[in-house]
Structures are given as C-alpha cells and as structure tokens.
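The structure file structure.txt is reproduced below (compact mmCIF, C-alpha atoms).
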```
# COMPACT_ATOMS: atom_id res chain seq x y z
CA MET Q 340 15.10 -38.28 -16.22
CA PRO Q 341 13.43 -37.05 -19.43
CA THR Q 342 15.37 -37.21 -22.66
CA ALA Q 343 16.16 -34.08 -24.67
CA GLU Q 344 13.42 -34.94 -27.14
CA GLU Q 345 10.83 -35.40 -24.37
CA ASP Q 346 11.93 -32.12 -22.82
CA ARG Q 347 11.57 -30.31 -26.16
CA THR Q 348 8.11 -31.83 -26.66
CA SER Q 349 6.95 -30.70 -23.20
CA ARG Q 350 8.26 -27.17 -23.71
CA ARG Q 351 6.62 -26.80 -27.11
CA LEU Q 352 3.29 -28.17 -25.87
CA ALA Q 353 3.36 -25.74 -22.93
CA TRP Q 354 4.01 -22.85 -25.34
CA CYS Q 355 1.10 -23.83 -27.58
CA VAL Q 356 -1.26 -24.45 -24.65
CA ALA Q 357 -0.48 -21.01 -23.19
CA HIS Q 358 -1.53 -19.32 -26.44
CA LEU Q 359 -4.57 -21.54 -26.99
CA LEU Q 360 -5.92 -21.02 -23.47
CA ARG Q 361 -6.15 -17.25 -24.04
CA HIS Q 362 -9.22 -17.97 -26.16
CA ALA Q 363 -10.86 -20.70 -24.04
CA PRO Q 364 -13.69 -20.43 -21.47
CA ASP Q 365 -12.72 -20.85 -17.84
CA HIS Q 366 -13.96 -24.42 -17.51
CA ILE Q 367 -11.98 -25.43 -20.62
CA VAL Q 368 -8.86 -23.82 -19.12
CA THR Q 369 -9.29 -25.77 -15.89
CA ASP Q 370 -9.94 -29.02 -17.76
CA MET Q 371 -6.96 -28.65 -20.09
CA ILE Q 372 -4.53 -27.73 -17.30
CA GLY Q 373 -5.63 -30.87 -15.46
CA ARG Q 374 -4.71 -32.98 -18.51
CA LEU Q 375 -1.10 -31.76 -18.70
CA ASP Q 376 1.65 -34.02 -17.41
CA GLU Q 377 3.99 -32.73 -14.71
CA PRO Q 378 6.87 -31.50 -16.96
CA THR Q 379 4.52 -29.66 -19.35
CA ARG Q 380 2.63 -28.07 -16.47
CA LYS Q 381 5.93 -26.96 -14.93
CA TYR Q 382 7.05 -25.29 -18.16
CA LEU Q 383 3.63 -23.68 -18.57
CA CYS Q 384 3.71 -22.11 -15.11
CA ARG Q 385 7.40 -21.22 -15.09
CA ASP Q 386 8.26 -19.99 -18.59
CA GLU Q 387 5.23 -18.87 -20.62
CA TRP Q 388 3.34 -15.62 -21.03
CA LEU Q 389 0.20 -16.34 -19.01
CA SER Q 390 -2.93 -14.22 -19.17
CA ALA Q 391 -4.40 -12.88 -15.93
CA SER Q 392 -7.34 -15.32 -15.96
CA ILE Q 393 -5.08 -18.35 -16.52
CA VAL Q 394 -2.89 -17.37 -13.58
CA THR Q 395 -5.98 -16.84 -11.42
CA LEU Q 396 -7.31 -20.30 -12.23
CA LEU Q 397 -3.89 -21.88 -11.67
CA LEU Q 398 -3.57 -20.22 -8.28
CA ARG Q 399 -7.16 -21.09 -7.35
CA HIS Q 400 -7.16 -24.75 -8.42
CA GLY Q 401 -3.48 -25.65 -8.59
CA GLY Q 402 -1.12 -26.93 -5.94
CA ALA Q 403 1.91 -25.57 -4.13
CA ALA Q 404 4.21 -26.49 -7.03
CA ASP Q 405 2.12 -24.41 -9.45
CA ARG Q 406 2.25 -21.38 -7.14
CA THR Q 407 6.01 -21.78 -6.72
CA PHE Q 408 6.66 -21.95 -10.46
CA ILE Q 409 4.35 -18.99 -11.18
CA ALA Q 410 6.22 -16.93 -8.58
CA ARG Q 411 9.47 -17.72 -10.45
CA ASN Q 412 8.06 -16.85 -13.87
CA PRO Q 413 9.74 -13.61 -15.04
CA ARG Q 414 6.97 -13.16 -17.64
CA VAL Q 415 4.25 -12.89 -15.00
CA VAL Q 416 4.98 -9.30 -14.09
CA GLY Q 417 4.15 -8.17 -10.56
CA ARG Q 418 3.66 -11.62 -9.01
CA PRO Q 419 1.21 -13.17 -8.96
CA LEU Q 420 -0.42 -11.15 -11.73
CA PRO Q 421 0.70 -8.49 -14.21
CA GLY Q 422 0.32 -4.95 -13.05
CA LEU Q 423 1.53 -2.63 -10.33
CA PRO Q 424 1.01 -0.82 -8.02
CA GLY Q 425 -0.33 -3.40 -5.62
CA PRO Q 426 -0.78 -3.54 -1.85
CA ILE Q 427 2.95 -4.03 -1.21
CA ARG Q 428 3.87 -0.91 -3.17
CA TYR Q 429 1.13 1.07 -1.46
CA SER Q 430 2.33 -0.14 1.95
CA ARG Q 431 5.80 1.32 1.30
CA ARG Q 432 4.28 4.78 1.38
CA ARG Q 433 4.08 6.11 4.91
CA THR Q 434 0.81 7.50 6.16
CA PRO Q 435 0.84 11.30 5.66
CA PRO Q 436 1.43 12.95 9.04
CA GLU Q 437 -1.50 15.30 8.44
CA LEU Q 438 -3.96 12.39 8.05
CA LEU Q 439 -4.03 11.28 11.69
CA PRO Q 440 -5.16 14.70 13.03
CA VAL Q 441 -7.94 14.70 10.43
CA LEU Q 442 -9.09 11.22 11.45
CA ARG Q 443 -8.84 12.19 15.13
CA ALA Q 444 -11.07 15.21 14.52
CA GLU Q 445 -13.60 13.18 12.53
CA LEU Q 446 -13.78 10.38 15.12
CA GLY Q 447 -13.58 12.62 18.19
CA ARG Q 448 -10.87 10.38 19.65
CA ASP Q 449 -7.46 8.96 18.85
CA PRO Q 450 -7.93 6.20 16.21
CA GLY Q 451 -5.20 4.15 17.89
CA GLU Q 452 -6.89 3.96 21.28
CA GLU Q 453 -9.30 1.18 20.41
CA PRO Q 454 -10.45 -0.65 17.26
CA LEU Q 455 -12.73 1.21 14.91
CA SER Q 456 -16.36 0.19 15.03
CA ALA Q 457 -18.07 -0.87 11.81
CA ALA Q 458 -19.93 2.44 11.57
CA GLU Q 459 -16.72 4.44 12.08
CA LEU Q 460 -14.86 2.40 9.48
CA VAL Q 461 -17.61 2.78 6.87
CA GLY Q 462 -17.88 6.50 7.57
CA LEU Q 463 -14.15 7.03 7.04
CA LEU Q 464 -14.18 4.96 3.85
CA ARG Q 465 -17.05 7.04 2.49
CA ARG Q 466 -15.34 10.34 3.28
CA HIS Q 467 -11.84 9.41 2.04
CA GLY Q 468 -12.47 7.00 -0.85
CA ARG Q 469 -13.00 9.39 -3.72
CA ARG Q 470 -9.36 10.02 -4.63
CA GLY Q 471 -8.06 6.52 -5.16
CA PRO Q 472 -7.22 3.73 -2.71
CA ARG Q 473 -4.26 5.29 -0.88
CA VAL Q 474 -6.09 6.91 2.05
CA PRO Q 475 -8.66 4.07 2.37
CA LEU Q 476 -5.72 1.67 2.63
CA ASP Q 477 -4.34 3.79 5.48
CA VAL Q 478 -7.78 3.67 7.12
CA LEU Q 479 -7.97 -0.12 6.74
CA ALA Q 480 -4.48 -0.39 8.26
CA LEU Q 481 -5.89 1.02 11.53
CA ARG Q 482 -7.17 -1.42 14.10
CA HIS Q 483 -10.73 -2.40 13.29
CA ARG Q 484 -13.08 -5.34 13.53
CA PRO Q 485 -13.21 -6.75 9.99
CA ASP Q 486 -16.71 -7.73 8.91
CA PRO Q 487 -16.91 -8.30 5.11
CA GLU Q 488 -20.64 -8.98 5.25
CA LEU Q 489 -21.33 -5.66 6.96
CA LEU Q 490 -19.14 -3.81 4.44
CA LEU Q 491 -21.06 -5.48 1.63
CA ALA Q 492 -24.40 -4.60 3.23
CA GLU Q 493 -23.35 -0.95 3.50
CA HIS Q 494 -22.15 -1.01 -0.11
CA LEU Q 495 -25.48 -2.43 -1.26
CA ARG Q 496 -27.40 0.16 0.76
CA GLU Q 497 -25.36 3.07 -0.59
CA PRO Q 498 -22.41 2.39 -2.89
CA LEU Q 499 -18.99 3.07 -1.40
CA PRO Q 500 -16.63 5.28 -3.43
CA THR Q 501 -14.54 3.40 -5.96
CA GLY Q 502 -11.30 4.10 -4.10
CA ALA Q 503 -12.75 2.52 -0.96
CA VAL Q 504 -14.00 -0.53 -2.89
CA GLU Q 505 -10.59 -0.94 -4.51
CA ALA Q 506 -8.87 -0.77 -1.12
CA VAL Q 507 -11.28 -3.34 0.35
CA LEU Q 508 -10.57 -5.71 -2.54
CA LEU Q 509 -6.83 -5.24 -2.06
CA VAL Q 510 -6.48 -5.95 1.65
CA VAL Q 511 -9.66 -7.54 3.02
CA ASP Q 512 -9.81 -11.32 2.75
CA LEU Q 513 -13.14 -11.65 0.97
CA PRO Q 514 -14.87 -14.87 -0.11
CA LEU Q 515 -15.29 -15.19 -3.86
CA GLU Q 516 -19.07 -14.73 -3.59
CA THR Q 517 -18.56 -11.46 -1.70
CA VAL Q 518 -16.15 -10.18 -4.36
CA HIS Q 519 -18.77 -10.97 -7.01
CA ALA Q 520 -21.40 -9.13 -4.95
CA PHE Q 521 -19.18 -6.02 -4.62
CA LEU Q 522 -18.72 -5.95 -8.40
CA ALA Q 523 -22.43 -6.57 -9.04
CA ALA Q 524 -23.55 -3.69 -6.81
CA PRO Q 525 -24.16 -0.30 -8.43
CA ALA Q 526 -21.01 1.79 -8.53
CA ALA Q 527 -20.75 5.17 -6.85
CA PRO Q 528 -20.86 8.18 -9.21
CA ASP Q 529 -17.11 8.83 -9.14
CA GLY Q 530 -16.64 10.16 -12.64
CA ARG Q 531 -14.28 8.22 -14.86
CA SER Q 532 -12.71 6.03 -12.13
CA TRP Q 533 -15.66 3.61 -11.93
CA HIS Q 534 -13.66 0.89 -13.70
CA ARG Q 535 -10.82 0.67 -11.16
CA PRO Q 536 -12.34 -1.98 -8.82
CA ALA Q 537 -13.06 -4.28 -11.79
CA VAL Q 538 -9.57 -3.87 -13.23
CA ARG Q 539 -8.04 -4.33 -9.80
CA ALA Q 540 -10.08 -7.47 -9.07
CA VAL Q 541 -8.78 -9.13 -12.24
CA ARG Q 542 -5.21 -7.94 -11.77
CA MET Q 543 -4.90 -9.15 -8.18
CA GLY Q 544 -6.33 -12.57 -9.09
CA ALA Q 545 -9.68 -12.29 -7.31
CA VAL Q 546 -11.77 -12.97 -10.43
CA THR Q 547 -11.32 -13.97 -14.05
CA HIS Q 548 -12.51 -11.94 -17.01
CA GLU Q 549 -15.36 -14.39 -17.56
CA GLU Q 550 -16.52 -13.98 -13.94
CA LEU Q 551 -16.30 -10.22 -14.34
CA VAL Q 552 -18.63 -10.34 -17.36
CA ALA Q 553 -21.06 -12.60 -15.48
CA HIS Q 554 -21.36 -10.36 -12.42
CA VAL Q 555 -20.61 -6.69 -13.24
CA ALA Q 556 -23.74 -4.57 -13.42
CA PRO Q 557 -25.17 -2.57 -15.07
CA ALA Q 558 -24.65 -4.14 -18.49
CA HIS Q 559 -23.35 -1.03 -20.24
CA ARG Q 560 -20.36 -0.94 -17.89
CA THR Q 561 -19.37 -4.45 -18.96
CA LEU Q 562 -19.42 -3.27 -22.58
CA LEU Q 563 -17.28 -0.27 -21.64
CA LEU Q 564 -14.78 -2.53 -19.86
CA ALA Q 565 -14.08 -4.20 -23.21
CA ARG Q 566 -13.11 -0.80 -24.62
CA LEU Q 567 -12.28 1.57 -21.79
CA PRO Q 568 -12.41 5.29 -22.54
CA ASP Q 569 -9.06 7.02 -22.84
CA THR Q 570 -8.20 8.06 -19.29
CA HIS Q 571 -5.11 8.21 -17.14
CA GLY Q 572 -4.42 5.97 -14.16
CA LEU Q 573 -5.15 2.29 -13.64
CA ARG Q 574 -6.15 0.66 -16.93
CA TRP Q 575 -6.00 -2.68 -18.70
CA THR Q 576 -2.69 -3.82 -20.08
CA LEU Q 577 -2.94 -4.97 -23.69
CA PRO Q 578 -3.22 -8.71 -22.78
CA GLU Q 579 -5.83 -7.87 -20.12
CA GLN Q 580 -7.81 -5.84 -22.63
CA ALA Q 581 -7.64 -8.75 -25.09
CA GLY Q 582 -8.86 -11.12 -22.36
CA MET Q 583 -11.73 -8.79 -21.48
CA GLN Q 584 -12.65 -8.46 -25.15
CA THR Q 585 -12.64 -12.26 -25.47
CA ALA Q 586 -14.95 -12.70 -22.47
CA VAL Q 587 -17.39 -10.01 -23.61
CA LEU Q 588 -17.51 -11.37 -27.17
CA ARG Q 589 -18.27 -14.81 -25.74
CA ALA Q 590 -21.24 -13.33 -23.87
CA LEU Q 591 -22.41 -11.50 -27.01
CA ARG Q 592 -22.12 -14.56 -29.28
CA PRO Q 593 -25.89 -15.35 -29.18
CA LEU Q 594 -26.46 -12.07 -31.06
CA GLY Q 595 -24.59 -13.50 -34.06
CA ASP Q 596 -24.24 -11.06 -36.94
CA ASP Q 597 -27.85 -9.86 -36.84
CA PRO Q 598 -27.67 -6.04 -37.15
CA ARG Q 599 -31.14 -5.71 -35.61
CA LEU Q 600 -30.05 -7.40 -32.37
CA TRP Q 601 -26.89 -5.29 -32.19
CA ALA Q 602 -28.96 -2.14 -32.66
CA GLU Q 603 -31.28 -3.32 -29.88
CA LEU Q 604 -28.24 -3.96 -27.66
CA LEU Q 605 -27.11 -0.36 -28.09
CA ARG Q 606 -30.63 0.94 -27.49
CA HIS Q 607 -31.35 -1.05 -24.32
CA ALA Q 608 -27.88 -1.17 -22.70
CA PRO Q 609 -27.96 2.34 -21.13
CA GLY Q 610 -31.10 1.61 -19.08
CA TYR Q 611 -30.64 -2.09 -18.28
CA ARG Q 612 -29.64 -2.60 -14.65
CA GLY Q 613 -28.66 -6.28 -14.76
CA PRO Q 614 -25.48 -7.99 -16.03
CA LEU Q 615 -24.65 -8.31 -19.71
CA PRO Q 616 -25.46 -12.05 -20.15
CA ALA Q 617 -29.00 -11.45 -18.84
CA LEU Q 618 -29.46 -8.58 -21.30
CA VAL Q 619 -28.23 -10.71 -24.21
CA ALA Q 620 -30.60 -13.54 -23.23
CA ALA Q 621 -33.52 -11.10 -23.04
CA LEU Q 622 -32.63 -9.62 -26.44
CA THR Q 623 -32.50 -13.01 -28.15
CA ASP Q 624 -35.80 -14.03 -26.51
CA GLY Q 625 -37.46 -10.71 -27.25
CA THR Q 626 -38.35 -10.18 -23.60
CA VAL Q 627 -36.18 -7.20 -22.68
CA PRO Q 628 -38.27 -4.57 -20.86
CA GLU Q 629 -38.31 -0.94 -21.85
CA ALA Q 630 -36.47 1.17 -19.26
CA ALA Q 631 -38.06 4.48 -18.35
CA ASP Q 632 -34.69 6.20 -17.80
CA ALA Q 633 -32.74 4.57 -20.64
CA GLY Q 634 -31.65 7.76 -22.34
CA GLU Q 635 -29.31 7.94 -25.32
CA PRO Q 636 -26.09 5.90 -25.37
CA GLY Q 637 -23.02 8.02 -24.75
CA PRO Q 638 -20.15 8.28 -27.21
CA ASP Q 639 -17.98 5.87 -25.21
CA LEU Q 640 -20.70 3.20 -25.25
CA VAL Q 641 -21.28 3.70 -28.98
CA ARG Q 642 -17.55 3.29 -29.59
CA ALA Q 643 -17.41 0.14 -27.45
CA VAL Q 644 -20.34 -1.54 -29.23
CA ARG Q 645 -18.97 -0.63 -32.65
CA HIS Q 646 -15.64 -2.12 -31.64
CA LEU Q 647 -17.31 -5.39 -30.60
CA ALA Q 648 -19.89 -5.68 -33.40
CA PRO Q 649 -19.02 -7.92 -36.38
CA ARG Q 650 -18.04 -5.95 -39.43
CA ALA Q 651 -16.58 -6.65 -42.82
CA VAL Q 652 -13.02 -5.35 -43.15
CA GLU Q 653 -12.05 -4.67 -46.73
CA PRO Q 654 -8.34 -3.87 -46.98
CA TYR Q 655 -7.27 -2.24 -50.20
CA GLY Q 656 -4.31 -3.33 -52.24
CA GLY Q 657 -5.32 -5.49 -55.18
CA VAL Q 658 -2.28 -7.44 -56.40
CA GLU Q 659 -0.16 -6.18 -53.51
CA ARG Q 660 -2.67 -7.56 -51.01
CA GLU Q 661 -2.68 -10.95 -52.75
CA LEU Q 662 1.11 -10.97 -52.55
CA ALA Q 663 0.99 -10.06 -48.86
CA LEU Q 664 -1.48 -12.88 -48.12
CA ALA Q 665 0.66 -15.35 -50.05
CA SER Q 666 3.76 -14.25 -48.15
CA LEU Q 667 2.17 -15.35 -44.85
CA ALA Q 668 2.48 -18.95 -46.06
CA VAL Q 669 6.12 -18.54 -47.13
CA PRO Q 670 8.43 -17.53 -44.25
CA MET Q 671 11.29 -15.21 -45.14
CA ASP Q 672 14.97 -16.12 -44.81
CA SER Q 673 15.04 -14.81 -41.22
CA VAL Q 674 12.51 -14.12 -38.50
CA GLY Q 675 13.49 -10.45 -38.37
CA GLU Q 676 12.88 -10.02 -42.10
CA ASP Q 677 9.52 -11.79 -41.79
CA ILE Q 678 8.48 -9.48 -38.93
CA ARG Q 679 9.51 -6.34 -40.84
CA TRP Q 680 7.48 -7.45 -43.86
CA VAL Q 681 4.32 -8.22 -41.86
CA ARG Q 682 4.54 -4.95 -39.90
CA ASP Q 683 4.99 -2.98 -43.11
CA CYS Q 684 1.96 -4.69 -44.69
CA ILE Q 685 -0.14 -3.93 -41.60
CA ASP Q 686 0.96 -0.29 -41.64
CA ARG Q 687 0.05 0.02 -45.33
CA GLY Q 688 -3.38 -1.54 -44.79
CA LEU Q 689 -2.62 -4.62 -46.89
CA LEU Q 690 -2.98 -7.02 -43.95
CA THR Q 691 -4.97 -7.03 -40.72
CA GLY Q 692 -4.79 -9.15 -37.59
CA HIS Q 693 -7.69 -11.19 -39.02
CA ASP Q 694 -5.60 -12.05 -42.08
CA VAL Q 695 -2.63 -13.19 -40.04
CA ILE Q 696 -4.74 -15.61 -37.98
CA ARG Q 697 -6.39 -17.06 -41.09
CA HIS Q 698 -3.40 -17.29 -43.44
CA LYS Q 699 -0.12 -17.41 -41.50
CA LEU Q 700 1.43 -20.82 -41.00
CA PRO Q 701 2.21 -22.71 -38.92
CA ALA Q 702 -0.86 -22.09 -36.78
CA CYS Q 703 1.12 -21.83 -33.54
CA TRP Q 704 3.06 -18.87 -34.99
CA ALA Q 705 -0.16 -17.10 -35.95
CA LEU Q 706 -1.47 -17.35 -32.36
CA ASP Q 707 1.78 -15.86 -30.99
CA GLN Q 708 1.92 -12.14 -31.86
CA ASP Q 709 5.65 -12.04 -31.10
CA HIS Q 710 6.22 -14.16 -34.21
CA TRP Q 711 4.78 -11.54 -36.53
CA LEU Q 712 5.10 -8.28 -34.57
CA GLY Q 713 8.43 -8.89 -32.85
CA ASP Q 714 9.52 -9.72 -29.30
CA VAL Q 715 8.57 -7.38 -26.48
CA ASP Q 716 10.08 -7.11 -23.00
CA HIS Q 717 6.68 -6.45 -21.42
CA PRO Q 718 3.26 -7.81 -22.40
CA ASP Q 719 1.78 -4.33 -22.87
CA ARG Q 720 4.35 -2.85 -25.24
CA HIS Q 721 3.23 -4.06 -28.65
CA ASP Q 722 3.15 -0.95 -30.82
CA ARG Q 723 0.36 -2.32 -33.04
CA PRO Q 724 -2.46 -2.82 -30.47
CA ALA Q 725 -5.21 -2.75 -33.11
CA ALA Q 726 -3.62 -5.70 -34.94
CA VAL Q 727 -3.22 -7.64 -31.67
CA LEU Q 728 -6.86 -7.11 -30.65
CA ALA Q 729 -8.10 -7.96 -34.16
CA SER Q 730 -6.11 -11.20 -34.21
CA HIS Q 731 -7.47 -12.15 -30.77
CA ALA Q 732 -11.05 -11.52 -31.90
CA GLU Q 733 -10.60 -13.59 -35.08
CA ALA Q 734 -9.01 -16.49 -33.19
CA ASP Q 735 -11.84 -16.32 -30.62
CA GLN Q 736 -14.43 -16.61 -33.38
CA LEU Q 737 -12.71 -19.46 -35.25
CA LEU Q 738 -12.12 -21.54 -32.12
CA ALA Q 739 -15.63 -20.94 -30.79
CA LEU Q 740 -17.29 -21.90 -34.09
CA ALA Q 741 -15.20 -25.05 -34.49
CA LEU Q 742 -14.83 -26.30 -30.91
CA ASP Q 743 -17.71 -24.67 -29.01
CA GLU Q 744 -17.26 -25.79 -25.37
CA ASP Q 745 -16.19 -29.40 -26.01
CA PRO Q 746 -13.19 -30.21 -23.76
CA GLU Q 747 -12.11 -33.14 -25.93
CA ALA Q 748 -12.01 -30.97 -29.05
CA TRP Q 749 -9.94 -28.29 -27.31
CA TRP Q 750 -7.53 -30.92 -26.01
CA SER Q 751 -7.23 -32.44 -29.47
CA VAL Q 752 -6.27 -29.05 -30.90
CA ALA Q 753 -3.74 -28.50 -28.09
CA ARG Q 754 -2.04 -31.86 -28.72
CA THR Q 755 -1.99 -31.32 -32.48
CA LEU Q 756 -0.91 -27.67 -32.56
CA PRO Q 757 2.84 -28.10 -31.73
CA GLU Q 758 3.65 -30.14 -34.85
CA PHE Q 759 0.94 -28.92 -37.22
CA ALA Q 760 2.36 -27.23 -40.32
CA GLY Q 761 -0.83 -25.66 -41.74
CA THR Q 762 -2.99 -22.67 -40.87
CA LEU Q 763 -5.37 -22.45 -37.92
CA PRO Q 764 -8.56 -22.85 -40.06
CA HIS Q 765 -6.95 -25.91 -41.68
CA LEU Q 766 -6.19 -27.39 -38.26
CA LEU Q 767 -9.71 -26.78 -36.97
CA LEU Q 768 -11.22 -28.31 -40.09
CA ARG Q 769 -9.11 -31.45 -39.70
CA VAL Q 770 -9.93 -31.78 -36.01
CA THR Q 771 -13.68 -31.29 -36.41
CA GLU Q 772 -13.81 -33.68 -39.38
CA GLY Q 773 -11.88 -36.30 -37.44
CA GLY Q 774 -9.36 -36.94 -40.20
CA SER Q 775 -5.59 -36.72 -40.28
CA VAL Q 776 -4.15 -33.64 -38.62
CA SER Q 777 -0.54 -34.04 -39.59
CA GLY Q 778 -0.61 -30.92 -41.78
CA ARG Q 779 1.74 -32.63 -44.22
CA SER Q 780 0.96 -34.22 -47.52
```
Would you put the structure from the file into structure tokens?
Amino acid sequence: MPTAEEDRTSRRLAWCVAHLLRHAPDHIVTDMIGRLDEPTRKYLCRDEWLSASIVTLLLRHGGAADRTFIARNPRVVGRPLPGLPGPIRYSRRRTPPELLPVLRAELGRDPGEEPLSAAELVGLLRRHGRRGPRVPLDVLALRHRPDPELLLAEHLREPLPTGAVEAVLLVVDLPLETVHAFLAAPAAPDGRSWHRPAVRAVRMGAVTHEELVAHVAPAHRTLLLARLPDTHGLRWTLPEQAGMQTAVLRALRPLGDDPRLWAELLRHAPGYRGPLPALVAALTDGTVPEAADAGEPGPDLVRAVRHLAPRAVEPYGGVERELALASLAVPMDSVGEDIRWVRDCIDRGLLTGHDVIRHKLPACWALDQDHWLGDVDHPDRHDRPAAVLASHAEADQLLALALDEDPEAWWSVARTLPEFAGTLPHLLLRVTEGGSVSGRS
C-alpha cells in the first residue's frame, strides 16, 4: 500500500509526463511510458489530459490495464480518443428509407439478397461517397465480402471520394500498413473536405500525428494539415492542431532558419507529389526536381508556411513588457489573479506564448496552459488559441534543441520536472550540462 507521499509523487510525475510527452517523438513516448512504474502509469492513463497520439500509442503498445484506465478517463473525450461523431453515433442514425430503393435500382437487385461483390461495393462507394461518410457507412453495413487489399487497389487506381475513405477507415479492420497506404494515395478532388480522412484517422486512433506526416502525400497537404483552412465540419481540436503542428515542425527542422530553404519549400511544395519528409530531404540536399505542373502556391498554403516558418516576434511595451516578463517569475497571491494578469498581458501584446514558456516558473506550470490561461472543461475551449499554439511551438523548439532524440535525456527531464523550481530553459541547461537540477540555491 503506497504512502500518501508516494501517491503524491506518482500523481505529480504523471501530470508532468503527460505535458512533456506532447512535445516528444513517438519512439520517445513509447520509451518513456515503458519506464513508468505501475502507480504512475495508472494515474497517467486515468486522470491526465492525453493527446491523441499518446492515447494511440498507449492503446497500441499497452496492456489491458492501460485500456481500462483510458476508458475511465473523463478527460479523454469520446473514448478512446477526443472527438465525435464516431461510428457509434453514426450507427444510431437509421438508414434513410429512400436509400434502399436507390441502391436496388443501381444494383438491379435487392442488396439484401446476397453479399455485395467487390465491384458492386466499390461502385456504390464511388457514387455515394462525396457527401460525407453517412451513406458509405450504410453501404458498408450491407452484407459484403470485405477485402481491404482490393479496396486499396481500387483507391490507388482511381481515388475513392473522401467520404468513402473516411467510412472505410471507421468500420473496416485495416492493417496499419494499409491505413498508411490509404493516406499516402492521392486524394479525390472533393473540394475542401480532402482533410477529413486524415483527421479521422488520428481521432479514431489509427495513426499518430508523426505517422500522418510521414505518409500523407502530396507534401503540400501535410503543410495544410498543420494549419487547416477555415471550413465547417470535421476539423482538428486545439490539442490535435497543436500535435499536428509539432509533428510538421519536427519534419521541417532540417530547414533551420534559412530563409532561402523556406522560400524553396513554398516554391516546390505545390508540385511535389511525395510526402513532406522526402521534400525536406531533397531541399536540404539540393536535389529536388522541378515539377512541370507546380503552379503558384495558393493563399492557404502561403498562410500555412508563414505560420510554420521561424520569425522574430517583437512585442511592444517597453517598461510595461519588462514588468510583465518579471511577473512570470513572481506568482500572484492567488492562481485566479495570476491567470487574469497573464491573459491581460497577452491581450495587450506585452506577452506571447513564447514568453510564457521561456520565463514562467516553475517549468511544469509553463507547459500546462491551464496554469496561465485558466481551467477549461474541454480540451478545445481555450479562448486564446494563438497563445496556446505559440507556446507549443516554443516548447517543441527548446526541447528538440536540448534533448534531440536521446531517451535518457528526455527521461531525466521527466524525473526532474515535478520538483524543479526554475524555468524550462534553466532546467534544460542543467540537464544537458549534467550538473545539479534542484532549481534551488
């Protein structure tokens, strides 16, 4: 039976690990979760805000206890991942009575008489997959002979509509390699709904953000996923958008802050047919081919690249800004007063999310947006999304520069973070130098 002090230590470590893992590559996440003792792992799965990719990796590599605790976690909305509607909600909607006569006319027979052949199934998915996944889900609910490889072959030959692909991802038991292949295939020209299969694949736990970046093609669509155009319907929640931004920035890290390479990225992205990591490698090597049909980048792509590119942020304020920065190191009398002050400084342009990550202490509070923007009852309801995304990007950069992909370094930061009293840059400096990390004089 653990003592109260041991229980408090496990809970605090789980809280810090949950925030740290939002910025770690997939293999670091898997390694660090494997290092946690049983009580800490239980609190991580049961009580903490978990990003979509962390939940996916826990469900993929964890045991029955992990799945049980995740299912009980009230902060993992939708079970097992944030975001509805899912297949259960879609299944509650009865098939429209007018659909069966349409299918009967298209097939020339009653669809319930015998299982659909592969050709019939693909034909129905092509005809009824352009208005979302509802009708394709009704089609897939009919008796048919499931053949994921044949569906993939048809998709590679001529892309299925996005609604049909989304429905296939929802209800067909696909191997991970097949899911990757569906996302890597060219998307059908369905207007502004092209992103739905990628968002759905992450939300239902089929892939992580890092796997999405590695496999989605063409490259410009991966860049757009980090900053989706303003549309209605299925979209990233704020934590999902932060996770996608983190994964894309990790792939773009070889470009550094060289403006020439970023300009080349924007010039070549529209015509490059492969995934984003291959384009970045070709840009850094100087071997990217000139595409005949590249064309000019659209406004959405320009906005996405500008959002991701490194830039100097110069808040105004003079003495007031210096006071605001100093206040991050001196907590107010109450948490509520501290939150009101930080929000007011952000609204007035005196502070940014970058400043909070670099100057707020302790470091574990800086990584948790609820400690400087206020508690939310849902992970997508922060009313300062720009500050949240900026803080995520700054933490990504600091952790990547200091720790790279060294599992021991990440684990050292995780063990030190709960009791460290200084800022995040101070912690990373102590860890990388190998000195004392107490944070106290």
For CA of Ala760 in chain Q and CA of Ala702 in chain Q, quote the distance in Å rounded to one decimal.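 Computing the Euclidean distance for CA of Ala760 in chain Q and CA of Ala702 in chain Q yields 7.0 Å.
Here the question is which of Q:Ala444, Q:Gly595, Q:Leu481, Q:Val644 gets nearest to Arg560 in chain Q using all atoms listed in the file, and that residue is Q:Val644.
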What lies within 7 Å of Glu733 in chain Q using all atoms listed in the file, ignoring chain neighbours under 3 positions off, as a list in words? His693, Ile696, Ala729, Ser730, Gln736 and Leu737 of chain Q
Atom-to-atom span, CA of Pro472 in chain Q and CA of Arg574 in chain Q, Å: 14.6 Å
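As for CA of Arg406 in chain Q and CA of Cys384 in chain Q, they are spaced 8.1 Å apart.
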Could you give me, as a list in words, the residues within 6 Å of range 474-480 of chain Q, counting all atoms listed in the file and dropping anything in the same chain fewer than 4 positions from it? Leu464, Gly468, Ala503 and Ala506 of chain Q
Set the distance at 10 Å and use only C-alpha atoms: which residues neighbour Asp597 in chain Q once local chain neighbours fewer than 5 positions away are removed? I'd like the list as a list in words.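 The contact residues come out as Ala602, Ala648 and Pro649 of chain Q.
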Restricting the output to C-alpha atoms, write the selected residues as a PDB file, in the coordinates of the input.
```pdb
ATOM      1  CA  ALA Q 602     -28.960  -2.140 -32.660  1.00  0.00           C
ATOM      2  CA  ALA Q 648     -19.890  -5.680 -33.400  1.00  0.00           C
ATOM      3  CA  PRO Q 649     -19.020  -7.920 -36.380  1.00  0.00           C
TER       4      PRO Q 649
END
```
Could you name the residues that touch range 497-501 of chain Q at 9 Å or less, counting all atoms listed in the file, but leaving out those on the same chain fewer than 6 positions away, as a list in words? Val461, Leu464, Arg465, Arg466, His467, Gly468, Arg469, Arg470, Gly471, Pro472, Ala524, Pro525, Ala526, Ala527, Pro528, Asp529, Ser532, Trp533, His534, Arg535 and Pro536 of chain Q
If we count all atoms listed in the file and set the cut-off at 10 Å, which residues sit around Pro724 in chain Q, ignoring sequence neighbours fewer than 3 positions away in its own chain? Please answer as number ranges by chain. Q: 577-578, 580-581, 692, 719-721, 727-730
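With all atoms listed in the file as the atoms that count, the minimum distance from Arg612 in chain Q to the choices Q:Pro436, Q:Pro487, Q:Pro628, Q:Gly572 is reached by Q:Pro628.
Using only C-alpha atoms, the smallest distance between any of Q:Leu706, Q:Pro514, Q:Glu377, Q:Pro598 and Ala357 in chain Q comes from Q:Leu706.
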